[in-house]
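> Next up is a structure, given as structure tokens.
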Amino acid sequence: MAPDDPAALVRKLTELKIEHRDLDDAIARLRADPGCDELQLTRMKKRKLRLKDMIAWLESRLIPDLDA
């Protein structure tokens, strides 16, 4: 993937958004279980936050720099 290839960035962004949504669903299911593993839940939440940061970074890369 070229660093400035918009199509590749959009594909990666789409993959990350899908993973973020799937992880959100998995966290909700795990929370509903009364005997859930808190360590696993915490790790999943941290992964979700990392995904959110990566999504925000990629979205910012897609916004063209404008000289004001």
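Letters A, B, ... mark the chains of the structure tokens in the order given; residue numbers begin at 1 per chain; ligand numbers begin at 1, in order shown.
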Using DSSP on the backbone, list every residue of chain A that comes out as helix (DSSP H, G or I), and give them as a ChimeraX atom specification.
/A:6-32,38-62
> Any idea what's packed within 10 Å of region 2-13 of chain A, counting only C-alpha atoms, ignoring anything in its chain fewer than 5 positions away? Could you give it as a PyMOL selection string?
chain A and resi 18-19+51+54-59+61-63
> Would you put the residues from that selection into a file with all heavy atoms, as a short mmCIF file (atom, residue, chain, number, x, y, z; two decimals), in the first residue's frame?

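Heads up, here's the output in part03.cif:
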```
data_model
loop_
_atom_site.label_atom_id
_atom_site.label_comp_id
_atom_site.auth_asym_id
_atom_site.auth_seq_id
_atom_site.Cartn_x
_atom_site.Cartn_y
_atom_site.Cartn_z
N ILE A 18 -15.41 -2.09 10.21
CA ILE A 18 -16.12 -3.36 10.37
C ILE A 18 -15.62 -4.08 11.61
O ILE A 18 -16.41 -4.58 12.42
CB ILE A 18 -15.97 -4.23 9.11
CG1 ILE A 18 -16.74 -3.62 7.95
CG2 ILE A 18 -16.42 -5.67 9.38
CD1 ILE A 18 -16.45 -4.25 6.60
N GLU A 19 -14.30 -4.12 11.78
CA GLU A 19 -13.73 -4.77 12.96
C GLU A 19 -14.18 -4.07 14.24
O GLU A 19 -14.51 -4.71 15.24
CB GLU A 19 -12.20 -4.78 12.88
CG GLU A 19 -11.55 -5.53 14.01
CD GLU A 19 -10.03 -5.57 13.92
OE1 GLU A 19 -9.47 -5.15 12.89
OE2 GLU A 19 -9.42 -6.04 14.89
N LEU A 51 -8.48 0.73 17.72
CA LEU A 51 -9.13 0.77 16.40
C LEU A 51 -9.72 2.16 16.13
O LEU A 51 -9.59 2.69 15.03
CB LEU A 51 -10.22 -0.28 16.31
CG LEU A 51 -9.76 -1.72 16.16
CD1 LEU A 51 -10.94 -2.67 16.30
CD2 LEU A 51 -9.07 -1.93 14.83
N MET A 54 -6.96 4.48 15.18
CA MET A 54 -6.47 4.20 13.83
C MET A 54 -7.47 4.70 12.79
O MET A 54 -7.08 5.24 11.75
CB MET A 54 -6.20 2.70 13.65
CG MET A 54 -5.01 2.25 14.47
SD MET A 54 -4.43 0.54 14.31
CE MET A 54 -5.77 -0.40 13.73
N ILE A 55 -8.76 4.55 13.07
CA ILE A 55 -9.80 5.04 12.16
C ILE A 55 -9.71 6.56 12.04
O ILE A 55 -9.74 7.11 10.94
CB ILE A 55 -11.20 4.59 12.65
CG1 ILE A 55 -11.37 3.09 12.43
CG2 ILE A 55 -12.30 5.38 11.94
CD1 ILE A 55 -12.59 2.50 13.13
N ALA A 56 -9.57 7.24 13.17
CA ALA A 56 -9.46 8.70 13.15
C ALA A 56 -8.22 9.14 12.39
O ALA A 56 -8.27 10.12 11.61
CB ALA A 56 -9.43 9.24 14.58
N TRP A 57 -7.11 8.44 12.55
CA TRP A 57 -5.88 8.78 11.85
C TRP A 57 -6.05 8.62 10.34
O TRP A 57 -5.66 9.49 9.57
CB TRP A 57 -4.72 7.92 12.37
CG TRP A 57 -3.42 8.26 11.73
CD1 TRP A 57 -2.59 9.31 12.05
CD2 TRP A 57 -2.80 7.58 10.65
NE1 TRP A 57 -1.50 9.29 11.22
CE2 TRP A 57 -1.59 8.24 10.35
CE3 TRP A 57 -3.13 6.45 9.90
CZ2 TRP A 57 -0.74 7.83 9.34
CZ3 TRP A 57 -2.27 6.04 8.90
CH2 TRP A 57 -1.10 6.72 8.63
N LEU A 58 -6.65 7.50 9.94
CA LEU A 58 -6.87 7.26 8.51
C LEU A 58 -7.82 8.29 7.91
O LEU A 58 -7.62 8.77 6.79
CB LEU A 58 -7.40 5.86 8.27
CG LEU A 58 -6.37 4.74 8.36
CD1 LEU A 58 -7.04 3.38 8.26
CD2 LEU A 58 -5.31 4.88 7.30
N GLU A 59 -8.87 8.63 8.65
CA GLU A 59 -9.81 9.64 8.16
C GLU A 59 -9.11 10.98 7.98
O GLU A 59 -9.37 11.70 7.02
CB GLU A 59 -11.00 9.77 9.11
CG GLU A 59 -11.95 8.61 9.03
CD GLU A 59 -13.07 8.65 10.05
OE1 GLU A 59 -12.95 9.34 11.09
OE2 GLU A 59 -14.09 7.98 9.81
N ARG A 61 -6.01 11.38 7.23
CA ARG A 61 -5.13 11.24 6.07
C ARG A 61 -5.90 11.45 4.76
O ARG A 61 -5.32 11.84 3.76
CB ARG A 61 -4.47 9.86 6.02
CG ARG A 61 -3.58 9.54 7.18
CD ARG A 61 -2.21 10.00 7.00
NE ARG A 61 -1.67 9.37 5.78
CZ ARG A 61 -0.57 9.77 5.20
NH1 ARG A 61 0.11 10.73 5.73
NH2 ARG A 61 -0.13 9.17 4.11
N LEU A 62 -7.19 11.16 4.79
CA LEU A 62 -8.01 11.30 3.57
C LEU A 62 -8.44 12.74 3.31
O LEU A 62 -8.86 13.07 2.21
CB LEU A 62 -9.24 10.39 3.66
CG LEU A 62 -8.94 8.91 3.54
CD1 LEU A 62 -10.19 8.09 3.85
CD2 LEU A 62 -8.44 8.58 2.14
N ILE A 63 -8.33 13.59 4.34
CA ILE A 63 -8.70 14.99 4.18
C ILE A 63 -7.52 15.74 3.56
O ILE A 63 -6.42 15.72 4.10
CB ILE A 63 -9.07 15.63 5.54
CG1 ILE A 63 -10.27 14.91 6.15
CG2 ILE A 63 -9.35 17.13 5.37
CD1 ILE A 63 -10.56 15.32 7.58
#
```
> Leaving out Leu41 (chain A) and any residue of its chain fewer than 5 positions from it, which residues lie within 8 Å of it when counting only C-alpha atoms, given as a list in words?
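In the requested format, the answer is Ile27, Leu30, Arg31 and Cys36 of chain A.
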> Please dump the current selection as a compact mmCIF listing (two decimals), in the first residue's frame; keep C-alpha atoms.

```txt
# COMPACT_ATOMS: atom_id res chain seq x y z
CA ILE A 27 -18.22 -6.58 24.03
CA LEU A 30 -19.73 -10.46 26.88
CA ARG A 31 -21.14 -7.78 29.20
CA CYS A 36 -17.86 -12.70 32.05
```
> Calculate how many Å separate CA of Glu38 (chain A) from CA of Ala26 (chain A), rounding to one decimal.
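Separation of CA of Glu38 (chain A) and CA of Ala26 (chain A): 13.3 Å.
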> What's the 8 Å shell around region 42-48 of chain A, counting only C-alpha atoms, without same-chain residues fewer than 6 positions away, as a PyMOL selection string?
chain A and resi 20+23-24+27
